[in-house]
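> Structure file input.txt (compact mmCIF, C-alpha atoms) right here:
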```
# COMPACT_ATOMS: atom_id res chain seq x y z
CA MET G 1 0.00 0.00 0.00
CA ILE G 2 1.31 3.42 -0.96
CA ASP G 3 1.24 6.34 1.45
CA ASN G 4 -0.34 9.16 -0.54
CA THR G 5 -1.02 11.49 2.36
CA VAL G 6 -0.81 15.14 1.43
CA VAL G 7 0.79 18.16 3.04
CA LYS G 8 -1.43 19.78 5.64
CA GLU G 9 -1.20 23.30 4.24
CA LEU G 10 -1.10 24.61 0.70
CA ASP G 11 -1.10 28.31 -0.12
CA ILE G 12 -2.38 28.19 -3.67
CA GLN G 13 -1.14 31.73 -4.36
CA LYS G 14 2.44 30.60 -3.59
CA TYR G 15 1.93 27.45 -5.67
CA LEU G 16 0.88 29.34 -8.80
CA GLY G 17 3.42 29.93 -11.56
CA THR G 18 5.67 27.66 -13.58
CA TRP G 19 6.96 24.26 -12.47
CA TYR G 20 9.43 22.09 -14.38
CA GLU G 21 8.89 18.36 -14.53
CA ILE G 22 12.05 16.68 -13.21
CA ALA G 23 10.75 13.09 -13.19
CA ARG G 24 7.46 11.25 -13.73
CA TYR G 25 5.88 7.87 -14.07
CA ASP G 26 5.27 7.02 -17.72
CA HIS G 27 1.70 7.40 -18.94
CA SER G 28 0.08 7.75 -22.34
CA PHE G 29 -0.81 11.43 -22.16
CA GLU G 30 2.82 12.56 -21.69
CA ARG G 31 4.68 9.76 -23.45
CA GLY G 32 7.73 11.01 -25.33
CA LEU G 33 7.48 14.57 -24.02
CA VAL G 34 10.58 16.38 -22.77
CA GLY G 35 11.12 19.94 -21.54
CA VAL G 36 7.76 19.62 -19.78
CA THR G 37 6.41 22.49 -17.73
CA ALA G 38 3.18 23.07 -15.86
CA ASN G 39 1.92 26.60 -15.39
CA TYR G 40 -0.81 27.42 -12.90
CA SER G 41 -2.77 30.69 -12.70
CA MET G 42 -6.10 31.76 -11.23
CA ARG G 43 -9.17 31.97 -13.43
CA GLU G 44 -11.94 34.50 -12.95
CA ASP G 45 -14.33 31.75 -11.78
CA GLY G 46 -12.04 30.80 -8.88
CA LYS G 47 -10.69 27.66 -10.55
CA ILE G 48 -7.05 27.28 -11.52
CA LYS G 49 -5.93 27.44 -15.13
CA VAL G 50 -3.46 24.67 -15.96
CA ILE G 51 -1.19 24.80 -19.00
CA ASN G 52 1.01 21.73 -19.50
CA SER G 53 3.52 21.97 -22.30
CA GLY G 54 6.53 20.16 -23.68
CA TYR G 55 8.30 18.97 -26.80
CA LYS G 56 7.89 15.67 -28.61
CA ASN G 57 10.95 13.39 -28.35
CA SER G 58 13.59 16.17 -28.12
CA LEU G 59 13.96 19.76 -26.91
CA LYS G 60 13.87 20.76 -30.60
CA GLY G 61 10.82 18.62 -31.31
CA GLU G 62 7.26 19.65 -32.03
CA PHE G 63 5.73 21.83 -29.28
CA SER G 64 2.74 20.29 -27.51
CA GLN G 65 0.39 22.06 -25.12
CA SER G 66 -2.70 21.07 -23.14
CA VAL G 67 -4.90 23.55 -21.33
CA GLY G 68 -7.04 22.39 -18.44
CA LYS G 69 -8.47 23.47 -15.14
CA ALA G 70 -8.09 22.50 -11.50
CA LYS G 71 -10.14 22.96 -8.37
CA ILE G 72 -9.78 22.26 -4.66
CA PRO G 73 -12.98 20.40 -3.70
CA ASP G 74 -12.42 20.53 0.09
CA LEU G 75 -10.35 23.66 0.75
CA ASN G 76 -10.93 23.64 4.52
CA ASN G 77 -9.92 20.04 5.23
CA TYR G 78 -7.68 19.03 2.30
CA PRO G 79 -6.24 22.10 0.55
CA ALA G 80 -3.50 19.93 -1.05
CA LYS G 81 -5.96 17.52 -2.73
CA LEU G 82 -6.79 19.04 -6.07
CA LYS G 83 -8.79 17.75 -9.00
CA VAL G 84 -7.48 18.46 -12.51
CA SER G 85 -9.37 18.19 -15.78
CA PHE G 86 -8.13 18.36 -19.37
CA PHE G 87 -11.23 16.79 -20.87
CA LEU G 88 -14.79 18.02 -20.29
CA PHE G 89 -15.96 17.09 -16.79
CA PHE G 90 -13.52 14.23 -16.14
CA TYR G 91 -11.30 15.13 -13.21
CA GLY G 92 -8.21 13.29 -11.99
CA ASP G 93 -6.51 13.49 -8.62
CA TYR G 94 -3.59 15.85 -8.05
CA TYR G 95 -2.21 15.29 -4.55
CA VAL G 96 0.57 17.54 -3.25
CA MET G 97 2.35 14.96 -1.08
CA GLU G 98 5.65 16.74 -0.43
CA LEU G 99 6.30 20.45 -0.72
CA ASP G 100 9.29 22.66 -0.03
CA LYS G 101 8.53 25.30 2.62
CA ASN G 102 9.54 27.95 0.06
CA TYR G 103 7.54 26.30 -2.75
CA GLN G 104 10.69 25.47 -4.77
CA TRP G 105 9.94 21.75 -5.32
CA ALA G 106 6.98 19.40 -4.97
CA VAL G 107 6.10 15.71 -5.19
CA ILE G 108 2.70 15.05 -6.76
CA GLY G 109 0.71 11.83 -6.63
CA SER G 110 -2.89 10.71 -6.77
CA SER G 111 -5.29 8.32 -5.08
CA SER G 112 -3.62 5.42 -6.93
CA ASP G 113 0.01 4.38 -7.38
CA LYS G 114 -0.15 4.94 -11.16
CA TYR G 115 0.83 8.62 -11.14
CA LEU G 116 3.85 10.39 -9.68
CA TRP G 117 5.72 13.58 -10.53
CA ILE G 118 8.69 15.46 -9.12
CA LEU G 119 8.40 19.17 -9.91
CA ASN G 120 10.88 22.00 -9.45
CA ARG G 121 10.85 25.75 -10.00
CA LYS G 122 14.04 25.49 -12.07
CA PRO G 123 14.66 23.18 -15.03
CA GLN G 124 17.45 21.36 -13.17
CA MET G 125 17.46 19.88 -9.68
CA GLU G 126 20.54 19.26 -7.58
CA GLU G 127 21.35 15.55 -7.37
CA LYS G 128 21.43 15.62 -3.56
CA LEU G 129 17.90 17.03 -3.38
CA TYR G 130 16.67 14.62 -6.06
CA ASN G 131 18.04 11.67 -4.06
CA GLU G 132 16.43 13.00 -0.87
CA LEU G 133 13.09 13.14 -2.66
CA LEU G 134 13.56 9.62 -4.03
CA ASN G 135 14.13 8.48 -0.45
CA LYS G 136 10.90 10.17 0.71
CA ILE G 137 9.00 8.63 -2.19
CA GLN G 138 10.42 5.18 -1.51
CA LYS G 139 9.38 5.43 2.16
CA ARG G 140 5.85 6.00 0.85
CA CYS G 141 6.13 2.61 -0.91
CA TYR G 142 6.23 4.00 -4.44
CA ASN G 143 8.38 2.13 -6.96
CA ILE G 144 11.11 4.67 -7.76
CA SER G 145 12.53 2.47 -10.53
CA LYS G 146 9.45 3.43 -12.60
CA LEU G 147 10.40 7.13 -12.53
CA ILE G 148 11.58 8.59 -15.83
CA LYS G 149 13.92 11.58 -15.59
CA VAL G 150 12.65 14.31 -17.90
CA GLU G 151 15.17 16.05 -20.14
CA GLN G 152 15.07 19.79 -19.52
CA LYS G 153 16.89 22.76 -20.97
CA GLU G 154 20.01 23.95 -19.18
CA TYR G 155 19.77 27.16 -17.22
```
Hey, can you dump this file as structure tokens for me?

Amino acid sequence: MIDNTVVKELDIQKYLGTWYEIARYDHSFERGLVGVTANYSMREDGKIKVINSGYKNSLKGEFSQSVGKAKIPDLNNYPAKLKVSFFLFFYGDYYVMELDKNYQWAVIGSSSDKYLWILNRKPQMEEKLYNELLNKIQKRCYNISKLIKVEQKEY
């Protein structure tokens, strides 16, 4: 059984902005994408605008972008359990399981063990920090061997 508990507090205003995908579990909707970023901003209706983008197969490959929305169904009790939708009214889980106190990195999961992301505010993550996060993820009983490191531009 995985431990997918979430952080107790999430200040969505601090979470907004651009995140770089450092590593992820493979899944069909991102297969082959590199240079992946997620950008979050507030919408007028109170939901969160989500723009995921990346390049197919190489950093010089075809640009791909998906626009979706997110919401926090239970803000008072579970502010770090979001629901994200890229297709009509079908929402998937987006659980903020680990989060830097300064909102510089995050580990995202869901209600199942099929999804996992390591996000960072910069396109590169120090190896020491990456290994610390792998350790945290492993303690949660996730299979870290399934993580794919995502190629990102140098900064």
> Would you list the contacts of Asp93 (chain G) as a PyMOL selection string, taking every protein, DNA or RNA residue within 10 Å and counting all atoms listed in the file, but skipping same-chain residues closer than 2 positions in sequence?
chain G and resi 70+81-85+91+95-96+108-112+115
> May I ask for the distance between CA of Lys60 (chain G) and CA of Lys153 (chain G), given in Å to one decimal place?
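Pair CA of Lys60 (chain G) / CA of Lys153 (chain G) returns 10.3 Å.
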> Select all residues near (0.6, 11.7, -24.7) (cut-off 12 Å, inclusive, file coordinates), counting all atoms listed in the file, and output them as number ranges by chain.
G: 26-34, 36, 52-57, 64-66
> Using all atoms listed in the file for the distances, tell me which of G:Val67, G:Ser58, G:Asp74, G:Ile2 is nearest to Phe87 (chain G).
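Using all atoms listed in the file, Phe87 (chain G) sits closest to G:Val67.
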> Just to confirm, what's the straight-line distance from CA of Leu16 (chain G) to CA of Asn39 (chain G) in Å (one decimal)?
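Going from CA of Leu16 (chain G) over to CA of Asn39 (chain G), I get 7.2 Å.
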> Pick from G:Arg24, G:Trp105, G:Phe63, G:Met97: nearest to Glu126 (chain G), with all atoms listed in the file counted?
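Comparing G:Arg24, G:Trp105, G:Phe63, G:Met97 against Glu126 (chain G), the winner is G:Trp105.
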> Work out how far apart CA of Met1 (chain G) and CA of Cys141 (chain G) are and give it in Å to one decimal.
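If I compute the distance from CA of Met1 (chain G) to CA of Cys141 (chain G), I get 6.7 Å.
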> Out of G:Tyr78, G:Tyr40, G:Tyr94, G:Phe86, which residue has the shortest atom-to-atom distance to Trp19 (chain G) when counting all atoms listed in the file?
G:Tyr40
> Restricting the calculation to all atoms listed in the file, which member of G:Met42, G:Leu88, G:Glu127, G:Tyr25 is positioned closest to Lys146 (chain G)?
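Closest to Lys146 (chain G), using all atoms listed in the file: G:Tyr25.
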> When distances are computed from all atoms listed in the file, which of G:Ile137, G:Ile51, G:Ala23, G:Leu75 shows the smallest separation from Leu119 (chain G)?
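For Leu119 (chain G), the nearest of the candidates is G:Ala23.
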> Taking the partial coordinates given, rebuild region 53-65 of chain G to contain N, CA and C atoms; return it as a CSV table (one decimal), keeping the file's coordinate frame.

```csv
chain,number,residue,atom,x,y,z
G,53,SER,N,2.9,21.9,-21.0
G,53,SER,CA,3.5,22.0,-22.3
G,53,SER,C,4.8,21.2,-22.3
G,54,GLY,N,5.3,20.9,-23.5
G,54,GLY,CA,6.5,20.2,-23.7
G,54,GLY,C,6.8,20.0,-25.2
G,55,TYR,N,7.8,19.2,-25.4
G,55,TYR,CA,8.3,19.0,-26.8
G,55,TYR,C,8.3,17.5,-27.1
G,56,LYS,N,7.9,17.1,-28.3
G,56,LYS,CA,7.9,15.7,-28.6
G,56,LYS,C,9.3,15.1,-28.9
G,57,ASN,N,9.7,14.2,-28.1
G,57,ASN,CA,11.0,13.4,-28.4
G,57,ASN,C,12.3,14.1,-28.2
G,58,SER,N,12.3,15.4,-28.4
G,58,SER,CA,13.6,16.2,-28.1
G,58,SER,C,13.3,17.6,-27.8
G,59,LEU,N,14.2,18.4,-27.2
G,59,LEU,CA,14.0,19.8,-26.9
G,59,LEU,C,13.8,20.6,-28.2
G,60,LYS,N,14.1,20.1,-29.3
G,60,LYS,CA,13.9,20.8,-30.6
G,60,LYS,C,12.7,20.2,-31.3
G,61,GLY,N,12.0,19.3,-30.7
G,61,GLY,CA,10.8,18.6,-31.3
G,61,GLY,C,9.6,19.5,-31.4
G,62,GLU,N,8.5,18.9,-31.9
G,62,GLU,CA,7.3,19.6,-32.0
G,62,GLU,C,6.7,20.0,-30.7
G,63,PHE,N,6.3,21.3,-30.5
G,63,PHE,CA,5.7,21.8,-29.3
G,63,PHE,C,4.3,21.3,-29.1
G,64,SER,N,4.0,20.9,-27.9
G,64,SER,CA,2.7,20.3,-27.5
G,64,SER,C,2.2,21.0,-26.3
G,65,GLN,N,1.0,21.4,-26.3
G,65,GLN,CA,0.4,22.1,-25.1
G,65,GLN,C,-1.0,21.6,-24.8
```
